[in-house]
$ cat upload_33.cif   # mmCIF, C-alpha atoms and all ligand atoms
data_entry
#
loop_
_atom_site.group_PDB
_atom_site.id
_atom_site.type_symbol
_atom_site.label_atom_id
_atom_site.label_comp_id
_atom_site.auth_asym_id
_atom_site.auth_seq_id
_atom_site.Cartn_x
_atom_site.Cartn_y
_atom_site.Cartn_z
ATOM 1 C CA MET A 12 -15.005 15.451 -0.334
ATOM 2 C CA GLN A 13 -14.444 11.877 -1.538
ATOM 3 C CA GLN A 14 -11.020 11.248 -3.095
ATOM 4 C CA VAL A 15 -10.617 8.807 -6.012
ATOM 5 C CA ALA A 16 -9.739 5.211 -5.118
ATOM 6 C CA SER A 17 -6.206 4.752 -3.744
ATOM 7 C CA ILE A 18 -4.802 2.258 -6.257
ATOM 8 C CA TYR A 19 -1.444 2.485 -8.005
ATOM 9 C CA HIS A 20 0.025 -0.123 -10.371
ATOM 10 C CA ARG A 21 3.707 -0.608 -10.996
ATOM 11 C CA LYS A 22 5.544 -3.233 -12.973
ATOM 12 C CA VAL A 23 8.553 -5.087 -11.597
ATOM 13 C CA GLY A 24 9.728 -6.998 -14.677
ATOM 14 C CA ASP A 25 6.724 -9.190 -15.638
ATOM 15 C CA ILE A 26 5.154 -8.901 -12.197
ATOM 16 C CA VAL A 27 2.441 -6.313 -11.511
ATOM 17 C CA VAL A 28 2.537 -4.797 -8.030
ATOM 18 C CA THR A 29 -0.458 -2.713 -6.975
ATOM 19 C CA ALA A 30 -0.220 -0.395 -3.991
ATOM 20 C CA LEU A 31 -3.485 0.076 -2.097
ATOM 21 C CA CYS A 32 -4.056 2.469 0.763
ATOM 22 C CA ASP A 33 -5.817 1.253 3.908
ATOM 23 C CA GLY A 34 -5.942 4.792 5.331
ATOM 24 C CA TYR A 35 -3.969 6.699 7.927
ATOM 25 C CA LEU A 36 -3.446 7.069 11.634
ATOM 26 C CA ASP A 37 -2.816 10.345 13.445
ATOM 27 C CA THR A 38 -0.334 9.678 16.172
ATOM 28 C CA SER A 39 1.765 11.471 18.792
ATOM 29 C CA TYR A 40 5.474 11.796 19.547
ATOM 30 C CA ASP A 41 4.929 9.543 22.605
ATOM 31 C CA ILE A 42 5.323 6.457 20.415
ATOM 32 C CA LEU A 43 8.891 7.455 19.433
ATOM 33 C CA GLN A 44 11.951 6.663 21.540
ATOM 34 C CA GLY A 45 15.386 8.226 21.145
ATOM 35 C CA ILE A 46 14.114 11.642 20.059
ATOM 36 C CA THR A 47 12.383 14.465 21.944
ATOM 37 C CA PRO A 48 8.990 15.758 20.751
ATOM 38 C CA LYS A 49 10.694 19.078 20.003
ATOM 39 C CA GLU A 50 13.325 17.433 17.766
ATOM 40 C CA GLY A 51 10.630 15.312 16.104
ATOM 41 C CA GLU A 52 8.509 18.383 15.432
ATOM 42 C CA LYS A 53 11.462 20.153 13.857
ATOM 43 C CA LEU A 54 12.044 17.271 11.428
ATOM 44 C CA MET A 55 8.358 17.111 10.477
ATOM 45 C CA LYS A 56 8.112 20.886 9.973
ATOM 46 C CA ASN A 57 11.332 20.910 7.907
ATOM 47 C CA ALA A 58 9.704 18.314 5.654
ATOM 48 C CA CYS A 59 6.496 20.454 5.506
ATOM 49 C CA LEU A 60 4.544 17.575 7.030
ATOM 50 C CA GLN A 61 1.808 17.405 9.622
ATOM 51 C CA SER A 62 2.958 17.460 13.233
ATOM 52 C CA PRO A 63 2.479 15.288 15.235
ATOM 53 C CA PRO A 64 2.956 12.704 12.470
ATOM 54 C CA ARG A 65 0.183 11.217 10.369
ATOM 55 C CA ILE A 66 1.151 7.622 9.520
ATOM 56 C CA SER A 67 0.029 6.161 6.181
ATOM 57 C CA VAL A 68 -0.957 2.496 6.008
ATOM 58 C CA ASN A 69 -0.554 0.585 2.738
ATOM 59 C CA ALA A 70 -0.939 -2.937 1.425
ATOM 60 C CA TYR A 71 0.331 -4.351 -1.875
ATOM 61 C CA VAL A 72 -1.147 -6.838 -4.335
ATOM 62 C CA VAL A 73 1.374 -8.874 -6.316
ATOM 63 C CA ARG A 74 0.243 -10.574 -9.542
ATOM 64 C CA SER A 75 2.716 -13.097 -10.897
ATOM 65 C CA GLN A 76 2.336 -16.105 -13.202
ATOM 66 C CA GLY A 77 -1.459 -15.943 -13.096
ATOM 67 C CA ARG A 78 -1.627 -15.939 -9.313
ATOM 68 C CA THR A 79 -2.515 -13.160 -6.870
ATOM 69 C CA ALA A 80 -0.948 -12.430 -3.490
ATOM 70 C CA LEU A 81 -1.852 -9.716 -1.009
ATOM 71 C CA ILE A 82 0.934 -8.390 1.212
ATOM 72 C CA GLU A 83 -0.867 -7.265 4.415
ATOM 73 C CA THR A 84 -4.559 -6.794 5.025
ATOM 74 C CA GLY A 85 -4.806 -3.421 6.783
ATOM 75 C CA SER A 86 -6.668 -3.032 10.048
ATOM 76 C CA GLY A 87 -10.244 -3.974 9.139
ATOM 77 C CA ASN A 88 -12.731 -2.199 11.412
ATOM 78 C CA SER A 89 -10.461 -2.339 14.436
ATOM 79 C CA MET A 90 -8.702 1.045 14.363
ATOM 80 C CA GLY A 91 -11.314 3.654 13.555
ATOM 81 C CA SER A 92 -12.713 5.198 10.404
ATOM 82 C CA THR A 93 -9.478 6.694 9.048
ATOM 83 C CA LEU A 94 -8.268 3.118 8.493
ATOM 84 C CA GLY A 95 -9.856 -0.062 7.143
ATOM 85 C CA HIS A 96 -10.314 1.062 3.528
ATOM 86 C CA LEU A 97 -8.324 -1.718 1.880
ATOM 87 C CA ASN A 98 -11.347 -3.714 0.746
ATOM 88 C CA GLU A 99 -13.073 -0.810 -0.990
ATOM 89 C CA ASN A 100 -9.805 -0.085 -2.809
ATOM 90 C CA LEU A 101 -9.425 -3.766 -3.761
ATOM 91 C CA ARG A 102 -12.966 -3.634 -5.179
ATOM 92 C CA ALA A 103 -12.099 -0.495 -7.136
ATOM 93 C CA ALA A 104 -9.108 -2.402 -8.582
ATOM 94 C CA ASN A 105 -11.502 -5.219 -9.638
ATOM 95 C CA ILE A 106 -9.954 -7.664 -7.177
ATOM 96 C CA THR A 107 -12.256 -9.671 -4.898
ATOM 97 C CA PRO A 108 -11.161 -11.256 -1.594
ATOM 98 C CA GLN A 109 -11.843 -14.650 -3.254
ATOM 99 C CA ASP A 110 -9.190 -13.848 -5.887
ATOM 100 C CA ILE A 111 -6.403 -13.765 -3.298
ATOM 101 C CA ASP A 112 -4.402 -17.028 -3.414
ATOM 102 C CA LYS A 113 -1.948 -16.078 -0.676
ATOM 103 C CA VAL A 114 -1.752 -13.431 2.034
ATOM 104 C CA LEU A 115 1.859 -12.588 2.877
ATOM 105 C CA LEU A 116 2.252 -10.959 6.290
ATOM 106 C CA THR A 117 5.301 -8.898 7.242
ATOM 107 C CA HIS A 118 4.235 -9.330 10.889
ATOM 108 C CA MET A 119 1.102 -9.512 13.027
ATOM 109 C CA HIS A 120 0.313 -6.034 14.291
ATOM 110 C CA PRO A 121 -3.271 -4.717 14.144
ATOM 111 C CA ASP A 122 -2.705 -2.356 11.184
ATOM 112 C CA HIS A 123 -1.267 -5.279 9.165
ATOM 113 C CA SER A 124 -3.255 -8.368 10.047
ATOM 114 C CA ASN A 125 -6.556 -7.371 11.702
ATOM 115 C CA GLY A 126 -8.025 -7.008 8.212
ATOM 116 C CA LEU A 127 -7.851 -10.801 7.827
ATOM 117 C CA THR A 128 -11.248 -11.185 9.509
ATOM 118 C CA THR A 129 -14.563 -9.460 10.094
ATOM 119 C CA ASP A 130 -15.398 -8.114 13.584
ATOM 120 C CA ASP A 131 -16.908 -11.465 14.534
ATOM 121 C CA GLY A 132 -13.838 -13.417 13.450
ATOM 122 C CA LYS A 133 -14.974 -14.639 10.007
ATOM 123 C CA ARG A 134 -12.354 -15.047 7.294
ATOM 124 C CA ILE A 135 -12.334 -12.342 4.616
ATOM 125 C CA TYR A 136 -9.924 -14.266 2.339
ATOM 126 C CA PRO A 137 -11.447 -17.770 2.270
ATOM 127 C CA ASN A 138 -9.238 -19.185 -0.504
ATOM 128 C CA SER A 139 -5.998 -17.819 0.788
ATOM 129 C CA GLU A 140 -3.000 -19.533 2.275
ATOM 130 C CA ILE A 141 -1.434 -17.347 5.003
ATOM 131 C CA ILE A 142 2.343 -16.929 4.745
ATOM 132 C CA VAL A 143 3.911 -15.722 8.000
ATOM 133 C CA HIS A 144 7.173 -16.250 9.876
ATOM 134 C CA GLU A 145 6.798 -18.978 12.504
ATOM 135 C CA ASN A 146 8.235 -16.632 15.180
ATOM 136 C CA GLU A 147 5.128 -14.439 14.799
ATOM 137 C CA ILE A 148 2.866 -17.394 15.544
ATOM 138 C CA LYS A 149 5.049 -18.534 18.456
ATOM 139 C CA HIS A 150 5.406 -15.054 19.971
ATOM 140 C CA TRP A 151 1.772 -13.945 19.842
ATOM 141 C CA SER A 152 0.595 -17.366 21.061
ATOM 142 C CA ASN A 153 2.978 -17.380 24.030
ATOM 143 C CA ASP A 154 1.167 -16.783 27.354
ATOM 144 C CA SER A 155 4.298 -15.832 29.309
ATOM 145 C CA GLU A 156 5.206 -13.210 26.673
ATOM 146 C CA MET A 157 1.644 -11.882 26.920
ATOM 147 C CA ALA A 158 1.875 -11.687 30.732
ATOM 148 C CA ARG A 159 4.846 -9.302 30.434
ATOM 149 C CA VAL A 160 2.780 -6.472 28.882
ATOM 150 C CA ASP A 161 -0.134 -4.375 30.129
ATOM 151 C CA LYS A 162 -3.801 -5.207 29.511
ATOM 152 C CA ARG A 163 -4.086 -2.766 26.600
ATOM 153 C CA LYS A 164 -1.154 -4.349 24.751
ATOM 154 C CA GLN A 165 -2.455 -7.841 25.564
ATOM 155 C CA ASP A 166 -5.734 -7.026 23.813
ATOM 156 C CA ARG A 167 -4.344 -4.910 21.001
ATOM 157 C CA TYR A 168 -1.483 -7.223 19.981
ATOM 158 C CA PHE A 169 -1.689 -10.710 21.500
ATOM 159 C CA ARG A 170 -5.457 -11.331 21.551
ATOM 160 C CA ALA A 171 -5.937 -9.709 18.124
ATOM 161 C CA ALA A 172 -3.215 -11.896 16.566
ATOM 162 C CA ARG A 173 -4.687 -15.007 18.208
ATOM 163 C CA LYS A 174 -8.103 -14.202 16.752
ATOM 164 C CA GLN A 175 -6.601 -14.020 13.234
ATOM 165 C CA LEU A 176 -4.537 -17.202 13.719
ATOM 166 C CA GLU A 177 -7.579 -19.097 15.010
ATOM 167 C CA ALA A 178 -9.721 -18.119 11.996
ATOM 168 C CA TYR A 179 -7.077 -19.318 9.524
ATOM 169 C CA LYS A 180 -5.627 -22.256 11.465
ATOM 170 C CA GLN A 181 -6.245 -24.658 8.524
ATOM 171 C CA GLN A 182 -4.597 -22.258 6.057
ATOM 172 C CA LEU A 183 -1.389 -21.257 7.830
ATOM 173 C CA SER A 184 1.937 -21.815 6.063
ATOM 174 C CA PRO A 185 4.650 -20.655 8.457
ATOM 175 C CA PHE A 186 8.226 -20.300 7.213
ATOM 176 C CA THR A 187 11.457 -20.095 9.163
ATOM 177 C CA GLY A 188 14.550 -19.129 7.191
ATOM 178 C CA GLY A 189 12.932 -17.289 4.288
ATOM 179 C CA GLY A 190 13.080 -18.295 0.620
ATOM 180 C CA GLU A 191 10.547 -18.114 -2.228
ATOM 181 C CA VAL A 192 6.982 -17.962 -0.920
ATOM 182 C CA PHE A 193 5.175 -16.908 -4.127
ATOM 183 C CA PRO A 194 6.373 -16.847 -7.775
ATOM 184 C CA GLY A 195 9.114 -14.179 -7.861
ATOM 185 C CA VAL A 196 8.700 -13.243 -4.173
ATOM 186 C CA VAL A 197 11.306 -14.165 -1.559
ATOM 187 C CA ALA A 198 10.770 -13.745 2.199
ATOM 188 C CA MET A 199 13.668 -12.062 4.013
ATOM 189 C CA PRO A 200 13.293 -12.265 7.809
ATOM 190 C CA MET A 201 14.228 -8.939 9.441
ATOM 191 C CA THR A 202 13.678 -9.350 13.128
ATOM 192 C CA GLY A 203 13.500 -6.495 15.632
ATOM 193 C CA HIS A 204 10.197 -4.657 15.233
ATOM 194 C CA THR A 205 8.604 -8.038 15.992
ATOM 195 C CA PRO A 206 10.281 -11.462 16.385
ATOM 196 C CA GLY A 207 9.196 -12.632 12.918
ATOM 197 C CA HIS A 208 9.157 -9.311 11.081
ATOM 198 C CA THR A 209 9.860 -10.011 7.402
ATOM 199 C CA ALA A 210 10.491 -8.082 4.193
ATOM 200 C CA TYR A 211 9.506 -9.448 0.784
ATOM 201 C CA LEU A 212 11.791 -9.153 -2.208
ATOM 202 C CA VAL A 213 9.942 -9.073 -5.544
ATOM 203 C CA THR A 214 12.212 -9.916 -8.477
ATOM 204 C CA SER A 215 11.566 -10.355 -12.192
ATOM 205 C CA GLY A 216 14.170 -10.000 -14.945
ATOM 206 C CA ASN A 217 16.518 -7.195 -13.953
ATOM 207 C CA ASP A 218 13.969 -5.499 -11.692
ATOM 208 C CA THR A 219 13.819 -5.786 -7.915
ATOM 209 C CA LEU A 220 11.517 -4.249 -5.331
ATOM 210 C CA MET A 221 11.868 -4.681 -1.595
ATOM 211 C CA ILE A 222 8.594 -4.356 0.305
ATOM 212 C CA TRP A 223 10.161 -3.711 3.668
ATOM 213 C CA GLY A 224 7.142 -3.863 6.015
ATOM 214 C CA ASP A 225 7.737 -1.718 9.090
ATOM 215 C CA ILE A 226 11.418 -0.862 8.633
ATOM 216 C CA VAL A 227 10.145 2.686 9.216
ATOM 217 C CA HIS A 228 6.885 4.009 10.715
ATOM 218 C CA VAL A 229 7.599 7.725 10.394
ATOM 219 C CA PRO A 230 9.806 7.965 7.269
ATOM 220 C CA SER A 231 10.692 11.637 7.688
ATOM 221 C CA ILE A 232 12.125 10.903 11.137
ATOM 222 C CA GLN A 233 13.448 7.333 11.022
ATOM 223 C CA ILE A 234 15.147 7.463 7.602
ATOM 224 C CA PRO A 235 17.403 10.400 8.581
ATOM 225 C CA HIS A 236 17.572 8.992 12.154
ATOM 226 C CA PRO A 237 17.488 5.166 12.008
ATOM 227 C CA GLU A 238 18.283 5.045 15.745
ATOM 228 C CA VAL A 239 14.775 6.331 16.601
ATOM 229 C CA THR A 240 12.673 3.382 17.793
ATOM 230 C CA LEU A 241 9.028 2.699 18.588
ATOM 231 C CA ASP A 242 7.223 2.092 21.856
ATOM 232 C CA PHE A 243 5.848 -1.132 20.311
ATOM 233 C CA ASP A 244 9.107 -2.523 18.892
ATOM 234 C CA SER A 245 9.545 -5.989 20.399
ATOM 235 C CA ASP A 246 13.312 -5.409 20.571
ATOM 236 C CA PRO A 247 14.167 -1.731 19.939
ATOM 237 C CA HIS A 248 17.955 -2.318 19.749
ATOM 238 C CA VAL A 249 17.633 -5.016 17.114
ATOM 239 C CA ALA A 250 14.936 -3.017 15.274
ATOM 240 C CA ALA A 251 17.296 -0.026 14.984
ATOM 241 C CA ALA A 252 20.218 -2.200 13.842
ATOM 242 C CA THR A 253 18.017 -3.915 11.241
ATOM 243 C CA ARG A 254 16.744 -0.542 9.987
ATOM 244 C CA LYS A 255 20.299 0.737 9.599
ATOM 245 C CA ARG A 256 21.360 -2.443 7.760
ATOM 246 C CA VAL A 257 18.371 -2.264 5.370
ATOM 247 C CA LEU A 258 18.846 1.456 4.661
ATOM 248 C CA ASP A 259 22.495 0.726 3.954
ATOM 249 C CA MET A 260 21.609 -2.129 1.592
ATOM 250 C CA VAL A 261 18.895 -0.373 -0.415
ATOM 251 C CA SER A 262 20.905 2.860 -0.734
ATOM 252 C CA THR A 263 24.080 1.027 -1.832
ATOM 253 C CA ASP A 264 22.145 -1.071 -4.379
ATOM 254 C CA GLN A 265 19.782 1.799 -5.371
ATOM 255 C CA MET A 266 16.968 -0.684 -4.853
ATOM 256 C CA LEU A 267 13.324 0.327 -5.264
ATOM 257 C CA VAL A 268 11.468 0.035 -1.952
ATOM 258 C CA GLY A 269 7.842 -0.153 -0.900
ATOM 259 C CA GLY A 270 6.638 0.019 2.690
ATOM 260 C CA MET A 271 3.478 -0.163 4.733
ATOM 261 C CA HIS A 272 4.072 3.305 6.214
ATOM 262 C CA LEU A 273 5.503 5.158 3.221
ATOM 263 C CA ASP A 274 3.145 7.821 1.960
ATOM 264 C CA PHE A 275 0.931 6.628 -0.901
ATOM 265 C CA PRO A 276 1.609 5.425 -3.576
ATOM 266 C CA GLY A 277 4.408 4.046 -1.456
ATOM 267 C CA PHE A 278 7.385 3.494 -3.768
ATOM 268 C CA GLY A 279 10.770 5.212 -3.722
ATOM 269 C CA TYR A 280 14.504 5.106 -3.244
ATOM 270 C CA VAL A 281 16.886 5.795 -0.367
ATOM 271 C CA THR A 282 20.243 7.535 -0.715
ATOM 272 C CA SER A 283 22.915 7.893 1.934
ATOM 273 C CA TYR A 284 23.954 11.332 3.068
ATOM 274 C CA GLY A 285 26.967 11.282 5.366
ATOM 275 C CA GLU A 286 25.958 9.046 8.269
ATOM 276 C CA SER A 287 22.303 9.610 7.482
ATOM 277 C CA TYR A 288 19.784 8.722 4.738
ATOM 278 C CA ARG A 289 17.188 10.417 2.603
ATOM 279 C CA PHE A 290 14.011 9.067 0.992
ATOM 280 C CA HIS A 291 13.025 10.012 -2.553
ATOM 281 C CA ALA A 292 9.421 9.191 -3.433
ATOM 282 C CA GLU A 293 9.048 7.876 -6.961
ATOM 283 C CA PRO A 294 6.899 10.159 -9.107
ATOM 284 C CA TRP A 295 3.488 8.863 -10.220
ATOM 285 C CA LYS A 296 3.770 7.282 -13.673
ATOM 286 C CA PRO A 297 0.650 7.631 -15.826
ATOM 287 C CA LEU A 298 1.624 4.557 -17.892
ATOM 288 C CA PHE A 299 2.959 1.346 -16.455
HETATM 289 ZN ZN ZN X 1 2.738 -1.093 11.070
#
$ encode --input "upload_33.cif" --output "structure tokens" --more "lines below"
Ligand SMILES: [Zn+2]
Amino acid sequence: MQQVASIYHRKVGDIVVTALCDGYLDTSYDILQGITPKEGEKLMKNACLQSPPRISVNAYVVRSQGRTALIETGSGNSMGSTLGHLNENLRAANITPQDIDKVLLTHMHPDHSNGLTTDDGKRIYPNSEIIVHENEIKHWSNDSEMARVDKRKQDRYFRAARKQLEAYKQQLSPFTGGGEVFPGVVAMPMTGHTPGHTAYLVTSGNDTLMIWGDIVHVPSIQIPHPEVTLDFDSDPHVAAATRKRVLDMVSTDQMLVGGMHLDFPGFGYVTSYGESYRFHAEPWKPLF
């Protein structure tokens, strides 16, 4: 029953990017806004995919100039046994948590940042600087923002993020406007899903990869229909506008993309199709 380790290496110029799967989450159409369950089901069935959607969760290791960064940490033990497999996949790739020089976060949601610590709040990446947009720290630390949401969301989002921030308070390196945060990796703030949501652009030579974080959660629905938003978008209107802008950019430039909720191994291209878009997963390459 046990699949082989979920590790996939890809070169971007001289940089090696390794996709690692943290697992998956079975969800329901209730999380989607701007589409009926019936319409959602039709899109999933047309794509021959499970309905309601199964959401993949990935992280990426970036090795550049002798240093190692990890983009996202998965969910740790916090979201059930279908998730939280990042560390066993890191081990299978011969990477230890101590090897990670920097953790780059696209934002602080449980499936992205809860894997920073053990259940009892101990750091898993002791040598790592934490790169995160300062709006994430401000937002999740803000008591009046927390008071606006129900108890479940307070625990799941605000208290979880605070636990991670507390554990790494000596190692936080917040950024504001973006710029290079690791050799060959530039942070590009893309607000909407959360106030500090950020994509990372990996560039070496003529090659570019955009790791776009949570620009989409359900690719087979939100790539053809960028207007479909999520129950847990901080600002759904801005999230949809950002998604449209990014899809436009990567399709015009034919830019390789990676994403936390693209199906493993999580690389591909977007093309435009009338007013809509299509995703084309990149085939597995046996040599890299
Ligand atoms: Zn996510």
$ atom_distance --input "upload_33.cif" --atom1 "CA of His272 (chain A)" --atom2 "CA of His228 (chain A)"
5.4 Å
$ closest_residue --input "upload_33.cif" --among "A:His123, A:Lys164, A:His96, A:His204" --to "ligand ZN 1 (chain X)" --atoms "only C-alpha atoms and all ligand atoms"
A:His123
$ residues_near_point --input "upload_33.cif" --point "(3.7, -1.1, -21.7)" --cutoff "10 Å" --atoms "only C-alpha atoms" --output "list in words"
Lys22, Leu298 and Phe299 of chain A
$ closest_residue --input "upload_33.cif" --among "A:Asn146, A:Thr93, A:Thr29, A:Thr117" --to "ligand ZN 1 (chain X)" --atoms "only C-alpha atoms and all ligand atoms"
A:Thr117
$ closest_atom_pairs --input "upload_33.cif" --of "chain A" --to "ligand ZN 1 (chain X)" --cutoff "8 Å" --atoms "all atoms listed in the file" --output "Markdown table"
| residue | atom | partner | partner_atom | distance |
| --- | --- | --- | --- | --- |
| A:Val68 | CA | X:ZN1 | ZN | 7.2 |
| A:His120 | CA | X:ZN1 | ZN | 6.4 |
| A:Pro121 | CA | X:ZN1 | ZN | 7.7 |
| A:Asp122 | CA | X:ZN1 | ZN | 5.6 |
| A:His123 | CA | X:ZN1 | ZN | 6.1 |
| A:Gly224 | CA | X:ZN1 | ZN | 7.3 |
| A:Asp225 | CA | X:ZN1 | ZN | 5.4 |
| A:His228 | CA | X:ZN1 | ZN | 6.6 |
| A:Met271 | CA | X:ZN1 | ZN | 6.4 |
| A:His272 | CA | X:ZN1 | ZN | 6.7 |
$ residues_around --input "upload_33.cif" --residues "region 128-131 of chain A" --least-positions-apart "3" --cutoff "7 Å" --atoms "only C-alpha atoms" --output "NGL selection string"
:A and (88 or 125 or 134-135 or 175)
$ write_last_selection --input "upload_33.cif" --atoms "C-alpha atoms" --output "PDB file, in the coordinates of the input"
ATOM      1  CA  ASN A  88     -12.731  -2.199  11.412  1.00  0.00           C
ATOM      2  CA  ASN A 125      -6.556  -7.371  11.702  1.00  0.00           C
ATOM      3  CA  ARG A 134     -12.354 -15.047   7.294  1.00  0.00           C
ATOM      4  CA  ILE A 135     -12.334 -12.342   4.616  1.00  0.00           C
ATOM      5  CA  GLN A 175      -6.601 -14.020  13.234  1.00  0.00           C
TER       6      GLN A 175
END
$ resolve_selection --input "upload_33.cif" --expression "the PyMOL selection byres (((chain A and resi 41) around 12) and not hetatm)" --output "list in words"
Thr38, Ser39, Tyr40, Ile42, Leu43, Gln44, Gly45, Ile46, Thr47, Pro48, Lys49, Gly51, Glu52, Pro63, Pro64, Val239, Thr240, Leu241, Asp242 and Phe243 of chain A
$ resolve_selection --input "upload_33.cif" --expression "the PyMOL selection byres (((chain A and resi 199) around 8) and not hetatm)" --output "PyMOL selection string"
chain A and resi 188-190+197-198+200-201+209-212
$ resolve_selection --input "upload_33.cif" --expression "the PyMOL selection byres (((chain A and resi 77-86) around 8) and not hetatm)" --output "MDAnalysis selection string"
chainID A and resid 33 68:76 87:90 94:97 110:117 121:127 193
$ axis_aligned_box --input "upload_33.cif" --around "region 33-52 of chain A" --padding-each-side "3 Å" --output "lines of an AutoDock Vina configuration file"
center_x = 4.7
center_y = 10.2
center_z = 13.3
size_x = 27.3
size_y = 23.8
size_z = 24.7
$ closest_residue --input "upload_33.cif" --among "A:Ala104, A:Gly203, A:Ser231, A:His291" --to "Ala250 (chain A)" --atoms "all atoms listed in the file"
A:Gly203
$ closest_residue --input "upload_33.cif" --among "A:Pro185, A:Gly270, A:Gly279, A:Gly91" --to "Ile141 (chain A)" --atoms "all atoms listed in the file"
A:Pro185
$ decode --input "upload_33.cif" --residues "region 213-224 of chain A" --atoms "N, CA, C and O atoms" --output "compact mmCIF listing (two decimals), in the first residue's frame"
# COMPACT_ATOMS: atom_id res chain seq x y z
N VAL A 213 11.96 32.24 -8.66
CA VAL A 213 13.29 31.61 -8.67
C VAL A 213 13.88 31.83 -10.06
O VAL A 213 13.28 31.43 -11.05
N THR A 214 15.05 32.48 -10.12
CA THR A 214 15.63 32.80 -11.42
C THR A 214 17.11 32.44 -11.45
O THR A 214 17.85 32.75 -10.52
N SER A 215 17.52 31.77 -12.52
CA SER A 215 18.94 31.49 -12.74
C SER A 215 19.16 31.39 -14.24
O SER A 215 18.45 30.65 -14.92
N GLY A 216 20.14 32.15 -14.75
CA GLY A 216 20.36 32.18 -16.20
C GLY A 216 19.11 32.64 -16.90
O GLY A 216 18.50 33.63 -16.52
N ASN A 217 18.68 31.86 -17.91
CA ASN A 217 17.47 32.24 -18.65
C ASN A 217 16.21 31.58 -18.08
O ASN A 217 15.14 31.71 -18.65
N ASP A 218 16.36 30.84 -16.99
CA ASP A 218 15.22 30.08 -16.46
C ASP A 218 14.54 30.81 -15.30
O ASP A 218 15.21 31.37 -14.43
N THR A 219 13.23 30.74 -15.29
CA THR A 219 12.45 31.35 -14.20
C THR A 219 11.33 30.40 -13.79
O THR A 219 10.71 29.75 -14.63
N LEU A 220 11.11 30.33 -12.50
CA LEU A 220 9.99 29.56 -11.94
C LEU A 220 9.28 30.46 -10.94
O LEU A 220 9.94 31.05 -10.07
N MET A 221 7.98 30.56 -11.03
CA MET A 221 7.23 31.26 -9.99
C MET A 221 6.55 30.22 -9.09
O MET A 221 5.72 29.45 -9.57
N ILE A 222 6.93 30.23 -7.82
CA ILE A 222 6.22 29.40 -6.84
C ILE A 222 5.15 30.31 -6.25
O ILE A 222 5.46 31.23 -5.49
N TRP A 223 3.91 30.07 -6.67
CA TRP A 223 2.88 31.09 -6.45
C TRP A 223 2.04 30.90 -5.19
O TRP A 223 1.03 31.60 -5.00
N GLY A 224 2.46 30.01 -4.28
CA GLY A 224 1.73 29.86 -3.01
C GLY A 224 0.31 29.43 -3.26
O GLY A 224 0.07 28.45 -3.96
